[in-house]
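**Q** To be precise about what I am sending: the file is called coords-v7.cif and holds mmCIF, C-alpha atoms and all ligand atoms.
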data_work
loop_
_atom_site.label_atom_id
_atom_site.label_comp_id
_atom_site.auth_asym_id
_atom_site.auth_seq_id
_atom_site.Cartn_x
_atom_site.Cartn_y
_atom_site.Cartn_z
CA MET A 1 34.31 179.78 134.28
CA SER A 2 31.57 177.20 133.87
CA THR A 3 32.68 173.73 132.94
CA LEU A 4 30.79 171.01 131.17
CA ASP A 5 30.23 167.50 132.38
CA GLY A 6 29.50 164.70 129.98
CA SER A 7 30.12 161.80 132.33
CA SER A 8 27.45 159.08 132.26
CA HIS A 9 26.59 157.02 129.20
CA ARG A 10 23.00 158.28 128.73
CA ASP A 11 24.04 161.87 128.41
CA ALA A 12 26.78 161.17 125.90
CA GLY A 13 26.52 163.97 123.38
CA ARG A 14 24.46 166.08 125.78
CA PRO A 15 26.91 167.71 128.14
CA TYR A 16 25.15 169.24 131.12
CA LEU A 17 26.32 172.54 132.49
CA ARG A 18 28.12 172.10 135.78
CA TYR A 19 26.86 174.31 138.63
CA THR A 20 29.26 176.98 139.87
CA PRO A 21 28.27 180.11 141.83
CA ASP A 22 29.07 182.29 138.80
CA VAL A 23 26.07 180.98 136.84
CA GLU A 24 24.38 183.81 138.78
CA VAL A 25 25.08 187.46 138.00
CA GLN A 26 23.98 190.23 140.35
CA GLN A 27 21.72 192.69 138.48
CA PRO A 28 21.99 196.50 138.69
CA ASP A 29 20.07 198.02 141.63
CA GLU A 30 18.89 194.71 143.02
CA ALA A 31 18.71 195.88 146.61
CA ALA A 32 16.72 199.01 145.76
CA LEU A 33 14.38 197.13 143.40
CA THR A 34 13.80 194.46 146.05
CA ALA A 35 12.85 197.11 148.61
CA GLU A 36 10.46 198.77 146.13
CA ILE A 37 8.83 195.47 145.17
CA LEU A 38 8.34 194.55 148.82
CA ASP A 39 6.79 197.94 149.61
CA ILE A 40 4.35 197.76 146.71
CA MET A 41 3.36 194.19 147.58
CA ALA A 42 2.81 195.18 151.21
CA ARG A 43 0.53 198.05 150.17
CA SER A 44 -1.51 195.76 147.89
CA ASN A 45 -1.68 193.20 150.66
CA HIS A 46 -3.01 195.79 153.05
CA VAL A 47 -5.88 196.54 150.65
CA ALA A 48 -6.77 192.84 150.61
CA PHE A 49 -6.52 192.64 154.40
CA GLU A 50 -8.87 195.59 154.86
CA ARG A 51 -11.42 193.96 152.59
CA HIS A 52 -11.35 190.54 154.25
CA ARG A 53 -10.21 191.50 157.77
CA HIS A 54 -8.13 188.39 157.40
CA ALA A 55 -4.59 188.26 156.05
CA VAL A 56 -3.99 186.41 152.79
CA ARG A 57 -0.76 185.68 150.91
CA ASP A 58 0.87 188.49 148.87
CA ALA A 59 0.60 186.07 145.95
CA HIS A 60 -1.39 182.86 145.43
CA ALA A 61 -3.93 183.95 148.05
CA LYS A 62 -6.73 181.62 146.94
CA SER A 63 -6.30 177.90 147.55
CA HIS A 64 -8.20 175.19 145.69
CA GLY A 65 -7.01 172.13 147.57
CA ILE A 66 -4.54 170.94 150.18
CA LEU A 67 -3.29 167.43 149.43
CA THR A 68 -1.15 164.95 151.29
CA GLY A 69 0.72 162.22 149.50
CA GLU A 70 4.21 160.99 148.82
CA LEU A 71 7.18 161.65 146.60
CA VAL A 72 8.66 158.40 145.34
CA ILE A 73 12.25 158.48 144.13
CA SER A 74 13.01 155.17 142.44
CA GLY A 75 16.39 153.59 141.92
CA GLY A 76 17.99 153.49 138.51
CA LEU A 77 18.19 157.18 137.68
CA PRO A 78 21.18 157.99 135.46
CA ALA A 79 24.13 159.33 137.46
CA TYR A 80 23.65 162.92 136.29
CA LEU A 81 20.08 162.92 137.69
CA GLN A 82 21.10 161.48 141.07
CA GLN A 83 21.41 164.92 142.64
CA GLY A 84 20.30 166.57 145.86
CA ILE A 85 17.28 164.81 147.35
CA PHE A 86 17.12 162.65 144.20
CA ALA A 87 20.53 161.12 144.87
CA ARG A 88 19.07 158.00 146.51
CA PRO A 89 15.85 155.99 146.25
CA ALA A 90 13.44 157.20 148.94
CA VAL A 91 9.79 157.82 149.73
CA TYR A 92 9.05 161.17 151.39
CA PRO A 93 5.70 162.44 152.69
CA VAL A 94 4.50 165.58 150.90
CA VAL A 95 1.90 168.28 151.41
CA VAL A 96 0.76 170.23 148.36
CA ARG A 97 -1.27 173.44 148.08
CA LEU A 98 -3.09 174.22 144.81
CA SER A 99 -3.83 177.89 144.23
CA SER A 100 -4.54 180.78 141.85
CA ALA A 101 -1.78 183.35 141.40
CA PRO A 102 -3.32 186.72 142.38
CA GLY A 103 -2.60 188.14 145.83
CA ASP A 104 -6.31 188.43 146.57
CA ILE A 105 -9.32 186.16 146.44
CA HIS A 106 -11.12 186.58 143.13
CA SER A 107 -13.91 184.66 141.45
CA ASP A 108 -12.76 181.71 139.34
CA THR A 109 -14.54 183.44 136.44
CA ILE A 110 -11.42 185.67 136.24
CA PRO A 111 -8.66 183.79 134.37
CA ALA A 112 -5.48 183.28 136.40
CA PRO A 113 -2.33 181.16 136.43
CA ARG A 114 -2.53 178.24 138.87
CA GLY A 115 0.06 177.20 141.44
CA MET A 116 1.19 173.87 142.82
CA ALA A 117 3.35 174.30 145.93
CA ILE A 118 5.03 171.08 147.08
CA LYS A 119 6.56 170.59 150.54
CA VAL A 120 8.73 167.48 150.83
CA LEU A 121 9.06 166.54 154.50
CA GLY A 122 12.18 165.33 156.28
CA VAL A 123 14.98 165.80 153.75
CA LYS A 124 18.64 165.82 154.75
CA GLY A 125 21.27 168.34 153.69
CA GLU A 126 22.78 171.73 154.43
CA ARG A 127 20.00 174.32 154.71
CA LEU A 128 19.85 177.35 152.39
CA LEU A 129 18.87 179.78 155.13
CA PRO A 130 20.33 179.48 158.61
CA GLU A 131 17.03 180.60 160.17
CA ASP A 132 15.14 177.82 158.37
CA ALA A 133 15.63 175.11 160.93
CA GLY A 134 13.08 172.81 159.26
CA GLY A 135 13.97 169.66 157.38
CA ASN A 136 11.74 170.34 154.40
CA GLN A 137 12.31 171.00 150.70
CA ASP A 138 9.72 173.17 148.96
CA PHE A 139 9.23 173.33 145.18
CA LEU A 140 6.90 176.11 143.98
CA LEU A 141 5.45 175.54 140.53
CA VAL A 142 3.05 177.41 138.22
CA ASN A 143 1.20 176.11 135.14
CA ILE A 144 3.25 178.25 132.73
CA PRO A 145 6.81 177.31 131.71
CA VAL A 146 8.20 180.86 131.91
CA LEU A 147 7.65 183.90 134.07
CA SER A 148 6.60 186.66 131.66
CA PHE A 149 8.19 189.26 133.97
CA GLY A 150 11.35 187.20 134.38
CA THR A 151 13.93 189.67 135.69
CA ILE A 152 13.81 191.75 138.84
CA GLN A 153 13.47 194.90 136.72
CA ALA A 154 10.49 193.47 134.81
CA TYR A 155 8.91 192.14 138.00
CA ARG A 156 9.06 195.64 139.44
CA GLN A 157 6.82 196.76 136.54
CA LEU A 158 4.41 193.90 137.13
CA VAL A 159 3.84 194.67 140.81
CA ASP A 160 3.21 198.30 139.87
CA LEU A 161 0.55 197.19 137.42
CA LEU A 162 -1.00 194.84 139.95
CA GLU A 163 -1.15 197.59 142.58
CA LYS A 164 -2.71 200.12 140.21
CA ASN A 165 -5.42 197.61 139.32
CA ALA A 166 -5.90 196.03 142.74
CA ARG A 167 -9.45 197.33 142.95
CA ASN A 168 -10.33 196.18 139.46
CA PRO A 169 -8.88 192.67 139.11
CA ALA A 170 -11.31 191.52 136.44
CA PHE A 171 -10.32 194.41 134.20
CA LEU A 172 -6.60 193.74 134.69
CA GLN A 173 -6.70 189.99 134.21
CA ARG A 174 -8.91 190.26 131.14
CA ALA A 175 -6.68 192.97 129.69
CA LEU A 176 -3.65 190.76 130.27
CA ALA A 177 -5.45 187.80 128.73
CA GLY A 178 -6.35 189.92 125.71
CA ALA A 179 -2.83 191.28 125.47
CA ALA A 180 -1.44 187.75 125.68
CA ARG A 181 -3.51 186.89 122.64
CA GLY A 182 -2.04 189.89 120.84
CA ILE A 183 -5.09 192.15 121.08
CA GLU A 184 -3.44 195.56 121.03
CA SER A 185 -6.33 197.56 122.46
CA ALA A 186 -6.37 195.29 125.51
CA ALA A 187 -2.69 195.82 126.15
CA GLU A 188 -2.88 199.56 125.56
CA ALA A 189 -5.72 199.84 128.06
CA ILE A 190 -3.23 198.96 130.80
CA GLY A 191 -0.36 200.94 129.28
CA LEU A 192 1.64 198.07 127.83
CA THR A 193 2.86 197.00 124.45
CA PRO A 194 1.70 193.46 123.69
CA GLY A 195 4.50 191.00 123.20
CA ALA A 196 6.30 187.98 124.47
CA THR A 197 6.62 189.38 127.98
CA LEU A 198 2.88 189.00 128.45
CA ARG A 199 2.49 185.57 126.95
CA GLY A 200 0.92 183.12 129.34
CA LEU A 201 0.26 185.50 132.18
CA ALA A 202 -3.45 184.93 131.95
CA ARG A 203 -4.94 181.48 131.55
CA ASP A 204 -8.49 180.57 130.79
CA TYR A 205 -10.44 177.73 132.30
CA ALA A 206 -8.25 174.65 131.98
CA HIS A 207 -8.90 171.88 134.53
CA LEU A 208 -6.17 172.54 137.07
CA LEU A 209 -5.50 168.82 137.69
CA GLY A 210 -4.67 168.32 133.99
CA GLU A 211 -2.08 171.09 133.94
CA THR A 212 1.73 170.78 133.95
CA TYR A 213 3.38 172.93 136.61
CA HIS A 214 6.83 174.53 136.24
CA SER A 215 9.44 176.19 138.45
CA MET A 216 9.67 178.83 135.68
CA ALA A 217 13.07 179.89 137.03
CA ALA A 218 16.18 177.76 137.46
CA LEU A 219 17.56 176.06 140.51
CA ARG A 220 20.69 174.26 141.40
CA PHE A 221 20.33 170.55 140.77
CA GLY A 222 23.31 169.27 142.71
CA ASP A 223 26.22 169.29 140.24
CA HIS A 224 23.99 170.85 137.58
CA VAL A 225 21.37 173.56 136.93
CA ALA A 226 17.75 172.71 136.14
CA LYS A 227 14.16 173.79 135.84
CA ILE A 228 11.70 171.46 137.57
CA SER A 229 8.18 170.53 136.47
CA ALA A 230 5.34 168.20 137.44
CA ALA A 231 3.20 166.65 134.68
CA PRO A 232 0.02 164.54 135.00
CA SER A 233 0.98 160.85 134.73
CA SER A 234 -1.88 158.65 136.01
CA ALA A 235 -4.61 157.96 133.42
CA ASN A 236 -7.27 159.82 135.43
CA VAL A 237 -5.40 163.15 135.40
CA ARG A 238 -3.94 162.63 131.93
CA ALA A 239 -7.57 162.51 130.77
CA LEU A 240 -7.89 166.10 132.06
CA VAL A 241 -4.97 167.51 130.02
CA GLY A 242 -6.13 170.52 128.03
CA LYS A 243 -9.70 170.09 129.24
CA GLU A 244 -11.59 173.36 129.45
CA VAL A 245 -14.15 173.39 132.24
CA GLY A 246 -17.36 175.33 132.37
CA PRO A 247 -19.55 177.01 133.16
CA VAL A 248 -17.24 178.56 135.77
CA ASP A 249 -18.40 180.21 138.99
CA ASP A 250 -16.68 181.54 142.11
CA GLY A 251 -15.62 178.15 143.49
CA THR A 252 -15.27 175.94 140.40
CA MET A 253 -11.55 175.14 140.75
CA ARG A 254 -11.86 173.96 144.36
CA ASN A 255 -14.98 171.97 143.52
CA LEU A 256 -13.11 170.16 140.72
CA VAL A 257 -10.28 169.20 143.08
CA VAL A 258 -12.58 168.09 145.89
CA GLU A 259 -14.78 166.09 143.54
CA HIS A 260 -11.79 164.31 141.98
CA PHE A 261 -10.11 163.33 145.23
CA ARG A 262 -13.38 162.26 146.89
CA THR A 263 -13.11 158.94 145.07
CA LYS A 264 -9.85 158.97 143.07
CA GLY A 265 -6.12 159.40 143.55
CA ALA A 266 -3.63 160.99 141.15
CA GLU A 267 -0.01 160.74 140.06
CA TYR A 268 2.28 163.38 138.60
CA GLN A 269 5.72 162.83 137.19
CA LEU A 270 8.35 165.18 138.59
CA ARG A 271 10.90 166.08 135.91
CA ALA A 272 14.16 168.01 135.59
CA GLN A 273 15.24 169.92 132.50
CA LEU A 274 19.00 170.29 132.82
CA CYS A 275 20.76 173.33 131.43
CA THR A 276 23.18 172.56 128.61
CA ASP A 277 23.95 176.09 127.44
CA LEU A 278 23.73 179.18 129.61
CA ALA A 279 23.31 181.46 126.58
CA ALA A 280 20.28 179.62 125.17
CA MET A 281 18.95 178.58 128.60
CA PRO A 282 19.62 181.61 130.78
CA VAL A 283 19.47 181.66 134.57
CA GLU A 284 19.13 185.42 134.95
CA ASP A 285 16.06 185.84 132.72
CA ALA A 286 13.18 183.54 133.63
CA SER A 287 11.08 184.78 130.68
CA VAL A 288 13.17 182.70 128.24
CA LEU A 289 11.72 179.28 127.47
CA TRP A 290 14.43 176.61 127.67
CA PRO A 291 14.10 174.73 124.36
CA ASP A 292 13.10 171.06 124.72
CA ASP A 293 15.34 170.11 121.83
CA LEU A 294 18.40 171.40 123.68
CA SER A 295 17.48 169.41 126.77
CA PRO A 296 14.38 167.27 127.44
CA HIS A 297 12.35 167.15 130.66
CA GLN A 298 13.59 163.94 132.28
CA PRO A 299 11.66 162.00 134.94
CA ILE A 300 13.20 162.11 138.43
CA ALA A 301 10.36 161.04 140.77
CA THR A 302 6.62 160.41 141.14
CA LEU A 303 4.17 162.43 143.20
CA ARG A 304 1.41 160.12 144.40
CA PHE A 305 -1.84 161.22 146.06
CA PRO A 306 -4.50 158.86 147.45
CA PRO A 307 -8.21 159.77 147.52
CA GLN A 308 -8.86 162.26 150.34
CA ASP A 309 -10.91 165.21 151.50
CA ALA A 310 -8.86 167.90 149.78
CA TYR A 311 -10.62 170.91 151.31
CA SER A 312 -12.03 170.01 154.71
CA PRO A 313 -12.37 173.06 157.00
CA SER A 314 -9.35 171.97 159.05
CA ARG A 315 -7.27 171.36 155.90
CA ARG A 316 -8.16 174.76 154.49
CA VAL A 317 -7.30 176.62 157.67
CA TYR A 318 -4.03 174.73 158.11
CA GLY A 319 -3.05 175.13 154.44
CA ASP A 320 -3.99 178.79 154.14
CA ASP A 321 -3.18 180.18 157.57
CA VAL A 322 -0.58 177.93 159.18
CA LEU A 323 1.60 176.63 156.33
CA SER A 324 4.19 178.67 154.42
CA PHE A 325 5.73 177.47 151.18
CA ASN A 326 8.97 179.16 150.22
CA PRO A 327 11.48 178.34 147.45
CA TRP A 328 14.22 179.10 149.99
CA HIS A 329 12.96 176.40 152.38
CA GLY A 330 15.38 173.76 151.22
CA ILE A 331 18.91 172.53 150.86
CA GLN A 332 21.95 174.07 149.19
CA GLU A 333 21.86 171.41 146.48
CA HIS A 334 18.57 172.94 145.26
CA ARG A 335 19.49 176.61 145.62
CA PRO A 336 17.08 178.89 143.65
CA LEU A 337 19.02 180.80 140.97
CA GLY A 338 18.69 184.19 139.27
CA SER A 339 17.47 187.66 140.30
CA ILE A 340 13.82 186.58 140.28
CA MET A 341 14.72 183.89 142.82
CA ARG A 342 16.90 186.20 144.93
CA VAL A 343 14.10 188.75 145.35
CA ARG A 344 11.94 185.90 146.69
CA ILE A 345 14.16 185.48 149.78
CA ALA A 346 12.77 188.61 151.41
CA ALA A 347 9.34 188.55 149.69
CA TYR A 348 8.19 185.21 151.09
CA GLU A 349 9.55 185.85 154.56
CA ARG A 350 7.82 189.23 154.75
CA SER A 351 4.50 187.95 153.40
CA SER A 352 4.42 184.92 155.66
CA ALA A 353 5.50 186.81 158.80
CA ARG A 354 2.84 189.48 158.34
CA ARG A 355 0.12 186.98 157.48
CA HIS A 356 0.81 184.91 160.58
CA MET A 357 1.06 187.96 162.80
CA LEU A 358 -2.23 189.48 161.59
CA ASN A 359 -4.09 186.17 161.84
CA ALA A 360 -2.49 185.36 165.23
CA GLN A 361 -1.31 182.00 163.91
CA PRO A 362 1.86 180.11 164.82
CA ARG A 363 4.51 179.84 162.09
CA VAL A 364 4.90 176.08 161.99
CA GLU A 365 7.10 174.05 159.67
CA PRO A 366 5.65 170.53 159.82
CA THR A 367 8.03 167.76 160.80
CA SER A 368 5.58 164.91 160.32
CA ILE A 369 2.67 164.29 157.95
CA GLU A 370 0.47 163.56 161.00
CA GLN A 371 0.51 167.31 161.71
CA ILE A 372 -1.55 167.95 158.57
CA PRO A 373 -5.20 167.63 159.62
CA ASP A 374 -7.65 165.40 157.68
C1 LIG A 401 9.78 181.65 139.46
C2 LIG A 401 8.73 182.33 139.66
C3 LIG A 401 7.69 182.06 140.71
C4 LIG A 401 6.96 180.94 140.98
C5 LIG A 401 7.01 179.60 140.24
C6 LIG A 401 6.11 181.23 142.11
C7 LIG A 401 5.18 180.38 142.67
C8 LIG A 401 4.46 180.60 143.81
C9 LIG A 401 3.50 179.69 144.38
C10 LIG A 401 3.12 178.33 143.80
C11 LIG A 401 3.02 180.26 145.51
C12 LIG A 401 1.98 179.68 146.45
C13 LIG A 401 2.62 179.08 147.66
C14 LIG A 401 1.60 178.52 148.61
O1 LIG A 401 0.70 177.77 148.17
O2 LIG A 401 1.70 178.83 149.82
C15 LIG A 401 3.67 181.54 145.66
C16 LIG A 401 3.45 182.41 146.71
C17 LIG A 401 4.08 183.60 146.84
N1 LIG A 401 4.89 184.21 145.90
FE1 LIG A 401 5.65 183.36 144.25
N2 LIG A 401 6.35 182.53 142.52
C18 LIG A 401 7.31 183.06 141.70
C19 LIG A 401 7.85 184.32 141.77
C20 LIG A 401 7.63 185.19 142.78
C21 LIG A 401 8.25 186.47 142.91
C22 LIG A 401 9.26 187.06 141.94
C23 LIG A 401 7.76 187.03 144.06
C24 LIG A 401 8.05 188.38 144.69
C25 LIG A 401 9.01 189.14 144.46
C26 LIG A 401 6.84 186.10 144.65
C27 LIG A 401 6.16 186.29 145.84
C28 LIG A 401 5.32 185.39 146.43
C29 LIG A 401 4.75 185.58 147.76
C30 LIG A 401 4.98 186.77 148.66
C31 LIG A 401 3.97 184.45 148.03
C32 LIG A 401 3.16 184.18 149.30
C33 LIG A 401 4.07 183.68 150.44
C34 LIG A 401 3.35 183.44 151.75
O3 LIG A 401 2.64 184.34 152.25
O4 LIG A 401 3.50 182.36 152.34
N3 LIG A 401 6.78 185.00 143.85
N4 LIG A 401 4.54 181.73 144.61
#
Could you spell out this file's structure in structure tokens?
**A**
Amino acid sequence: MSTLDGSSHRDAGRPYLRYTPDVEVQQPDEAALTAEILDIMARSNHVAFERHRHAVRDAHAKSHGILTGELVISGGLPAYLQQGIFARPAVYPVVVRLSSAPGDIHSDTIPAPRGMAIKVLGVKGERLLPEDAGGNQDFLLVNIPVLSFGTIQAYRQLVDLLEKNARNPAFLQRALAGAARGIESAAEAIGLTPGATLRGLARDYAHLLGETYHSMAALRFGDHVAKISAAPSSANVRALVGKEVGPVDDGTMRNLVVEHFRTKGAEYQLRAQLCTDLAAMPVEDASVLWPDDLSPHQPIATLRFPPQDAYSPSRRVYGDDVLSFNPWHGIQEHRPLGSIMRVRIAAYERSSARRHMLNAQPRVEPTSIEQIPD
């Protein structure tokens, strides 16, 4: 039975769901679906490898910037937000990789969701995976608040679609973009019925530094359950919110990031949206948008980046070929929740292991920010 906690004064009237293991419910055929998803992703990845003769990630293959900075957790958070690594004021070094979602390297002229993967170095706490000896906490975010294919069953359909269209990415992404806008012929062309499940899968040409990035699925937030997001907060990136860029060519997104950080820094506010009602804010279906009016996104920390060379050759190689971001790199207090998160345990390990093996690279979990090259 889940219990409710309405302890501190600021959340009076807004009782936050208390985390218990039974907020998660095993879905039918999870093991078999996981194996199928992994097989399909491996086949698609092989196609990409043969083309490049270099291994790329099964997802988010193309990077646009590798940033170093810090995560600042200030004092004075309300008690219910003092959870996990946010329990105490602290400043942690971070490394962040900005990316596009497909598992292959496409031109930026093809619309795609963008990723912001954050690695917080040197956190304390009981690790989620015994084999993850590192001291880091990763948060993987995408610039869409929900995952259109938000259950393991739906995700199985998505990877099928991605595999069938691996050789024609422009067609697939444009069809998905059309379908997302409710154009029936576009959806039918790829054998789907347009609807909510497709909403947001394809994005156009928004400036990626003005976007808000979301965990899409839920995670444990100490005593509670939350979705995490990062929103532009310094004036220079707030000015980029909703800004369409163009004309777009193969490398536009990287060029925007490099150009910005050549002379300027940036700040993003990290926020938690706490679950108040498991029926309206489900854990097992990441395609459901958690309504803001049931629970707002509340600030928990600041991500701060100084000006830097965001895509030097050594940064790119380290970020793309050496680093691995993984939602299961972290502590029990931030356990990823729901079937879409459980399937990621094996998916990230498999993708990272194969990538490092094929590129003959060491699998290194950084222990100090000095390990990230300039
Ligand atoms: C909640 C939904 C999800 C979010 C927010 C998310 C986000 C991300 C991000 C930001 C990256 C890039 C990491 C980097 O820069 O290294 C990534 C990579 C990846 N994602 Fe996801 N993802 C989600 C769901 C999934 C699912 C369901 C799967 C597979 C079943 C998956 C498989 C992968 C794989 C294999 C990689 C590459 C790992 C590597 O080679 O290091 N993701 N994801």
**Q** In Å, how far is it from CA of Ser99 (chain A) to CA of Arg315 (chain A)?
**A** 13.8 Å
**Q** Which residues are close to region 364-371 of chain A, i.e. within 9 Å by all atoms listed in the file, leaving aside same-chain residues fewer than 4 positions away? Reply as a list in words.
**A**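 Neighbouring residues, sequence-local ones excluded: Thr68, Gly69, Pro93, Val94, Val95, Leu121, Gly122, Asp132, Ala133, Gly134, Gly135, Asn136, Val322, Leu323 and Ser324 of chain A.
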**Q** Which of these residues is nearest to Asn326 (chain A), using all atoms listed in the file: A:Arg344, A:Arg167, A:Arg304, A:Arg156?
**A**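 Comparing A:Arg344, A:Arg167, A:Arg304, A:Arg156 against Asn326 (chain A), the winner is A:Arg344.
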**Q** Near Val241 (chain A), counting all atoms listed in the file, which residues have an atom at most 9 Å away, once you skip same-chain residues fewer than 2 positions from it, shown as a list in words?
**A**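 That gives Ala206, His207, Leu208, Leu209, Gly210, Glu211, Thr212, Pro232, Val237, Arg238, Ala239, Lys243 and Glu244 of chain A.
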**Q** Could you turn the residues from that selection into a file that holds C-alpha atoms, as a CSV table (one decimal), in the coordinates of the input?
**A**
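The file below, out.csv, is the result:
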chain,number,residue,atom,x,y,z
A,206,ALA,CA,-8.2,174.6,132.0
A,207,HIS,CA,-8.9,171.9,134.5
A,208,LEU,CA,-6.2,172.5,137.1
A,209,LEU,CA,-5.5,168.8,137.7
A,210,GLY,CA,-4.7,168.3,134.0
A,211,GLU,CA,-2.1,171.1,133.9
A,212,THR,CA,1.7,170.8,134.0
A,232,PRO,CA,0.0,164.5,135.0
A,237,VAL,CA,-5.4,163.2,135.4
A,238,ARG,CA,-3.9,162.6,131.9
A,239,ALA,CA,-7.6,162.5,130.8
A,243,LYS,CA,-9.7,170.1,129.2
A,244,GLU,CA,-11.6,173.4,129.4
**Q** Quick one: everything within 9 Å of Leu303 (chain A), counting all atoms listed in the file, minus sequence neighbours fewer than 6 positions away in the same chain. Send it as an mmCIF file with C-alpha atoms, in the frame of the given file.
**A**
data_model
loop_
_atom_site.group_PDB
_atom_site.id
_atom_site.type_symbol
_atom_site.label_atom_id
_atom_site.label_comp_id
_atom_site.auth_asym_id
_atom_site.auth_seq_id
_atom_site.Cartn_x
_atom_site.Cartn_y
_atom_site.Cartn_z
ATOM 1 C CA GLY A 69 0.720 162.220 149.500
ATOM 2 C CA GLU A 70 4.210 160.990 148.820
ATOM 3 C CA LEU A 71 7.180 161.650 146.600
ATOM 4 C CA VAL A 72 8.660 158.400 145.340
ATOM 5 C CA VAL A 94 4.500 165.580 150.900
ATOM 6 C CA ALA A 230 5.340 168.200 137.440
ATOM 7 C CA ALA A 266 -3.630 160.990 141.150
ATOM 8 C CA GLU A 267 -0.010 160.740 140.060
ATOM 9 C CA TYR A 268 2.280 163.380 138.600
ATOM 10 C CA GLN A 269 5.720 162.830 137.190
ATOM 11 C CA LEU A 270 8.350 165.180 138.590
#
**Q** Rank A:Leu158, A:Val245, A:Ala310, A:Ala87 by their smallest atom-to-atom distance to Val258 (chain A), using all atoms listed in the file, and report the top residue only.
**A**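 Result for the nearest residue to Val258 (chain A): A:Ala310.
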**Q** Report, as lines of an AutoDock Vina configuration file, the axis-aligned box around all atoms of ligand LIG 401 (chain A) present in the file, extended by 4 Å on each side; give centre and edge lengths in Å to one decimal place.
**A**
center_x = 5.2
center_y = 183.5
center_z = 145.9
size_x = 17.1
size_y = 19.4
size_z = 20.9
**Q** Report the distance between CA of Arg51 (chain A) and atom C18 of ligand LIG 401 (chain A) in Å, rounded to one decimal place.
**A**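 Interatomic distance here is 24.3 Å.
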**Q** Of the candidates A:Leu77, A:Ala42, A:Ala231, A:Ala279, which one gets nearest to ligand LIG 401 (chain A) if we count all atoms listed in the file?
**A**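 Among A:Leu77, A:Ala42, A:Ala231, A:Ala279, it is A:Ala42 that comes nearest to ligand LIG 401 (chain A).
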